[in-house]
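Shown next, in structure tokens, is the structure this report addresses.
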There are 2 protein chains.
Amino acid sequence: MNDAASPLGILAGGGELPRRVARAAASAGRPVRVVVLNGFAATEDFAPHPAVAMRFGHAARMLDWLRAEGVRQVVMAGTVTRPSMLSLMPDAATLKLATRIGRAAFGGDDSILQAVIRVLGEEGFEVLGADRLLSGLTPKAGLLAGPEPDADAVADIARGFAVAGALGALDVGQAVVVQQGLVLGVEAIEGTDALLARVGPLRREGPGGVLVKRVKPGQSRLADLPTIGPRTVAGAAAAGLRGLAIEANGTIVMERAATVAAAEAAGLFLLALHADDVGGSER
Amino acid sequence: MNDAASPLGILAGGGELPRRVARAAASAGRPVRVVVLNGFAATEDFAPHPAVAMRFGHAARMLDWLRAEGVRQVVMAGTVTRPSMLSLMPDAATLKLATRIGRAAFGGDDSILQAVIRVLGEEGFEVLGADRLLSGLTPKAGLLAGPEPDADAVADIARGFAVAGALGALDVGQAVVVQQGLVLGVEAIEGTDALLARVGPLRREGPGGVLVKRVKPGQSRLADLPTIGPRTVAGAAAAGLRGLAIEANGTIVMERAATVAAAEAAGLFLLALHADDVGGSER
């Protein structure tokens, strides 16, 4: 049995994405096995696929089960906010894995994920990106919706990419809101919806700002990609923004048709572009 | 008349600091002239000192008045949030000044302030830091209150200085909250009180986090210094933090005795240290 015919393992965090990956694999005729992370997803969401719920502290058992089920390829999908180290309470076998993750666990979310991906590889699993299962999940460069951004918006996008890049390099966050060159808000772990909710009252007169989301520089594109969807567009419109700029081939657009339609209806641009193609400096 | 005997000009933004500067100068026998920035302070707050209220768009007239009053040294004190460029509506003379501030006005707050300080110098004024008038305003390095930070807190402080440094270098903000290596929140223009209010619900189990405030790398120490006070300590305590770390010789501590007492009462450490002395890397 080649790897692509073996059951697909899904390590499922929160949100819609893990279920969409399961549906895509199943409709391509591939068996699916799901490990749901306690507190982020529920096994019954994945019926009829075999699914087990495990907490972080039992990672070693989780891998044993996947192996016993014949899984050789895994997808990490969905949102996971890092729990406190003290709440992990790993068992003995997991503690051995954890020592290999080691100090990364005390960095930001991304450094943990990179270490998890490395350890999964060492344990014999191939980690696939969700976009390998769902085509069109991460749009290519281009204007997906709304009017072409004007020069002010382009300058805000450039500043947003620069600030988000610096933050991402420090493994802090993936999103930033910029208006007229001024950074209205920066995302840490609160998430983009909370960021958008708080920048509304901070907006200045004149042309509205831009939400920028980009992959952390050096981040693996196998997990924890920046994500937007219809709710992001609604939040951006409510905050008085003029558009969204996302990193091409690296930002997940959930419910793409609905997201594009929401942007069109609100008159917001939705632009996907490569970080290297963003003009201007950090000012 | 030497410069130090000439009337002291105060460009007053919001908050207590401008009034404290006025009181300190007056009690040293020095005449005071105040320009209050419309929307941030009121002339009557500075009675009996001559004070005029001017909006940004009339900067040139403001300088003419100060000159006519014999002012040669000015202090910029108090908080000013940058207005929208469109709300400035400068008059013709101010427009000439503005072109000398130029593109900086489209960067962050700090780049504007640097340009304003430069233009004030070119116009013949000497810009003094508020700490020249108020001794002890920006504490030297040392533990000001509470218990010595443990190793975890020291690591959080180091990460906070690294992240705040990167943000500050991009002229975004001066404050960050870190818990167990995880950045819970990053300040943009919303201010430290709002930052503290939102990180409370985001805190993880286990040892609490740390608020770090530092001067933006390369920032002039003549204006817009990071500031804390009793309210900051109250916000940090409410957010479940274990302490505050501030940049020595560069962070204003308002109402120092009350701030120290609040930290002691809440069991929070208050540590002033130099950015260069912060151990560890950004991880």
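Every chain in the structure tokens takes a letter, A first, then B, and so on in the order presented; its residues are numbered from 1, and the ligands are numbered from 1 following the presented order.
For Met76 (chain A), the set of protein, DNA and RNA residues having any atom at most 7 Å away, when counting only C-alpha atoms and skipping those fewer than 2 positions along the same chain, is Ile10, Leu11, Ala12, Val74 and Ala223 of chain A.
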Taking only residues of region 141-231 of chain B that have an atom at most 9 Å from an atom of region 263-278 of chain B, what is each one's shortest atom pair and its distance in Å to one decimal, using only C-alpha atoms, in chain and number order, as a tab-separated table?
residue	atom	partner	partner_atom	distance
B:Ala141	CA	B:Leu273	CA	4.6
B:Gly142	CA	B:Ala272	CA	5.3
B:Leu143	CA	B:Leu271	CA	4.5
B:Leu144	CA	B:Leu270	CA	5.4
B:Ala145	CA	B:Leu270	CA	5.0
B:Gly146	CA	B:Phe269	CA	4.0
B:Pro147	CA	B:Phe269	CA	5.4
B:Glu148	CA	B:Phe269	CA	6.7
B:Pro149	CA	B:Phe269	CA	6.9
B:Val154	CA	B:Val278	CA	8.3
B:Ile157	CA	B:Val278	CA	7.6
B:Ala158	CA	B:Val278	CA	5.6
B:Phe161	CA	B:Ala275	CA	6.9
B:Ala162	CA	B:Ala275	CA	8.8
B:Gly165	CA	B:Ala275	CA	8.8
B:Arg214	CA	B:Ala275	CA	7.8
B:Val215	CA	B:Ala275	CA	9.0
B:Pro230	CA	B:Ala263	CA	8.1
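The space between CA of Arg72 (chain B) and CA of Phe125 (chain B) spans 5.1 Å.
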Selected residue, from B:Thr251, B:Ser135, B:Gln114, B:Thr232, that lies nearest to Gln174 (chain B) when counting only C-alpha atoms
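Of all the options, B:Thr251 lies closest to Gln174 (chain B).
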So which bits of region 26-84 of chain A end up alpha helix (DSSP H) when you DSSP the backbone, as a list of chain:residue names?
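Reading the DSSP output for region 26-84 of chain A, alpha helix (DSSP H) covers A:Ala26, A:Ser27, A:Ala59, A:Ala60, A:Arg61, A:Met62, A:Leu63, A:Asp64, A:Trp65, A:Leu66, A:Arg67, A:Ala68.
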Taking 6 positions as the minimum chain separation for residues in the same chain, which residues sit within 9 Å of Leu196 (chain A) when counting only C-alpha atoms? Answer as a list in words.
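Using only C-alpha atoms, the neighbours found are Val177, Gly185, Leu211, Thr232, Gly235, Ala236, Ala238 and Ala239 of chain A.
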Write out as a PyMOL selection string the residues lying within 7 Å of Val52 (chain B), counting only C-alpha atoms and excluding same-chain residues fewer than 3 positions away.
chain B and resi 34-36+43
Residues near Ile228 (chain B), cut-off 7 Å, only C-alpha atoms, skip fewer than 3 positions along chain, as a PyMOL selection string:
chain B and resi 232+252-254
Export all heavy atoms of the chosen residues as a PDB file, in the first residue's frame?
ATOM      1  N   THR B 232      -1.424  51.762  36.088  1.00  0.00           N
ATOM      2  CA  THR B 232      -0.769  50.663  35.370  1.00  0.00           C
ATOM      3  C   THR B 232      -0.589  49.460  36.286  1.00  0.00           C
ATOM      4  O   THR B 232      -0.811  48.311  35.884  1.00  0.00           O
ATOM      5  CB  THR B 232       0.607  51.121  34.841  1.00  0.00           C
ATOM      6  OG1 THR B 232       0.503  52.448  34.339  1.00  0.00           O
ATOM      7  CG2 THR B 232       1.111  50.182  33.761  1.00  0.00           C
ATOM      8  N   ILE B 252       8.954  56.951  32.379  1.00  0.00           N
ATOM      9  CA  ILE B 252       8.434  57.875  33.380  1.00  0.00           C
ATOM     10  C   ILE B 252       7.562  57.102  34.366  1.00  0.00           C
ATOM     11  O   ILE B 252       6.677  56.355  33.958  1.00  0.00           O
ATOM     12  CB  ILE B 252       7.597  58.990  32.710  1.00  0.00           C
ATOM     13  CG1 ILE B 252       8.500  59.894  31.856  1.00  0.00           C
ATOM     14  CG2 ILE B 252       6.825  59.792  33.752  1.00  0.00           C
ATOM     15  CD1 ILE B 252       7.738  60.910  31.017  1.00  0.00           C
ATOM     16  N   VAL B 253       7.849  57.254  35.656  1.00  0.00           N
ATOM     17  CA  VAL B 253       6.973  56.706  36.686  1.00  0.00           C
ATOM     18  C   VAL B 253       6.229  57.874  37.331  1.00  0.00           C
ATOM     19  O   VAL B 253       6.816  58.674  38.051  1.00  0.00           O
ATOM     20  CB  VAL B 253       7.754  55.902  37.745  1.00  0.00           C
ATOM     21  CG1 VAL B 253       6.799  55.390  38.825  1.00  0.00           C
ATOM     22  CG2 VAL B 253       8.483  54.731  37.088  1.00  0.00           C
ATOM     23  N   MET B 254       4.952  57.977  37.012  1.00  0.00           N
ATOM     24  CA  MET B 254       4.124  59.046  37.574  1.00  0.00           C
ATOM     25  C   MET B 254       3.788  58.674  39.012  1.00  0.00           C
ATOM     26  O   MET B 254       3.543  57.508  39.320  1.00  0.00           O
ATOM     27  CB  MET B 254       2.830  59.181  36.771  1.00  0.00           C
ATOM     28  CG  MET B 254       3.026  59.611  35.323  1.00  0.00           C
ATOM     29  SD  MET B 254       3.589  61.313  35.151  1.00  0.00           S
ATOM     30  CE  MET B 254       2.114  62.187  35.711  1.00  0.00           C
TER      31      MET B 254
END
Proximity to Gly168 (chain B) - best of B:His49, B:Lys140, B:Lys216, B:Arg23, only C-alpha atoms:
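Distance minimum relative to Gly168 (chain B) lands on B:Lys216.
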When DSSP is applied to the backbone of this structure, which of region 5-245 of chain B are assigned strand (DSSP E)? Write them out as number ranges by chain.
B: 8-12, 32-37, 51-54, 73-77, 126-128, 142-145, 175-179, 182-186, 210-213, 227-228, 243-245
For the selection you just gave me, I'd like the residues written to a file as an mmCIF file, in the first residue's frame, keeping C-alpha atoms.
data_model
loop_
_atom_site.group_PDB
_atom_site.id
_atom_site.type_symbol
_atom_site.label_atom_id
_atom_site.label_comp_id
_atom_site.auth_asym_id
_atom_site.auth_seq_id
_atom_site.Cartn_x
_atom_site.Cartn_y
_atom_site.Cartn_z
ATOM 1 C CA LEU B 8 9.828 77.860 30.160
ATOM 2 C CA GLY B 9 7.559 76.898 27.295
ATOM 3 C CA ILE B 10 5.433 73.820 27.788
ATOM 4 C CA LEU B 11 3.777 72.085 24.846
ATOM 5 C CA ALA B 12 1.095 70.294 26.809
ATOM 6 C CA VAL B 32 5.950 79.478 32.547
ATOM 7 C CA ARG B 33 4.150 79.783 29.213
ATOM 8 C CA VAL B 34 1.911 76.976 28.061
ATOM 9 C CA VAL B 35 0.608 75.937 24.680
ATOM 10 C CA VAL B 36 -2.119 73.375 25.205
ATOM 11 C CA LEU B 37 -2.955 71.121 22.303
ATOM 12 C CA ALA B 51 -1.620 79.634 28.297
ATOM 13 C CA VAL B 52 -3.030 79.458 24.804
ATOM 14 C CA ALA B 53 -4.862 76.646 23.112
ATOM 15 C CA MET B 54 -3.892 75.847 19.582
ATOM 16 C CA GLN B 73 13.475 76.412 26.057
ATOM 17 C CA VAL B 74 10.455 74.166 25.590
ATOM 18 C CA VAL B 75 9.320 70.908 27.125
ATOM 19 C CA MET B 76 6.977 68.565 25.290
ATOM 20 C CA ALA B 77 4.966 66.756 27.928
ATOM 21 C CA GLU B 126 16.009 74.199 22.827
ATOM 22 C CA VAL B 127 13.888 71.131 23.584
ATOM 23 C CA LEU B 128 14.309 69.803 27.132
ATOM 24 C CA GLY B 142 17.107 48.615 40.260
ATOM 25 C CA LEU B 143 14.271 46.807 41.958
ATOM 26 C CA LEU B 144 11.799 49.514 42.974
ATOM 27 C CA ALA B 145 9.162 47.310 44.597
ATOM 28 C CA ALA B 175 4.600 47.750 25.675
ATOM 29 C CA VAL B 176 4.127 44.002 25.587
ATOM 30 C CA VAL B 177 2.822 41.339 27.992
ATOM 31 C CA VAL B 178 4.581 37.964 28.151
ATOM 32 C CA GLN B 179 3.624 34.885 30.185
ATOM 33 C CA LEU B 182 4.075 33.438 25.209
ATOM 34 C CA VAL B 183 3.276 36.957 24.044
ATOM 35 C CA LEU B 184 -0.251 37.595 25.343
ATOM 36 C CA GLY B 185 -0.542 41.054 23.880
ATOM 37 C CA VAL B 186 1.256 43.788 22.052
ATOM 38 C CA VAL B 210 5.067 40.351 33.006
ATOM 39 C CA LEU B 211 4.396 43.784 31.521
ATOM 40 C CA VAL B 212 7.441 45.185 29.747
ATOM 41 C CA LYS B 213 7.683 48.843 28.702
ATOM 42 C CA THR B 227 4.981 55.958 31.201
ATOM 43 C CA ILE B 228 3.555 53.965 34.077
ATOM 44 C CA GLY B 243 5.353 42.254 37.794
ATOM 45 C CA LEU B 244 6.387 45.163 35.620
ATOM 46 C CA ALA B 245 9.757 45.630 33.957
#
Given the choices A:Asn249, A:Val199, A:Arg221, A:Gly229, which gets closest to chain B if the distance is worked out from only C-alpha atoms?
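Counting only C-alpha atoms, the residue closest to chain B is A:Val199.
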Given only C-alpha atoms as the basis, pick out the residue of B:Glu69, B:Asp45, B:Asp224, B:Glu205 nearest to Gly129 (chain B).
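Smallest distance to Gly129 (chain B) is found for B:Asp224.
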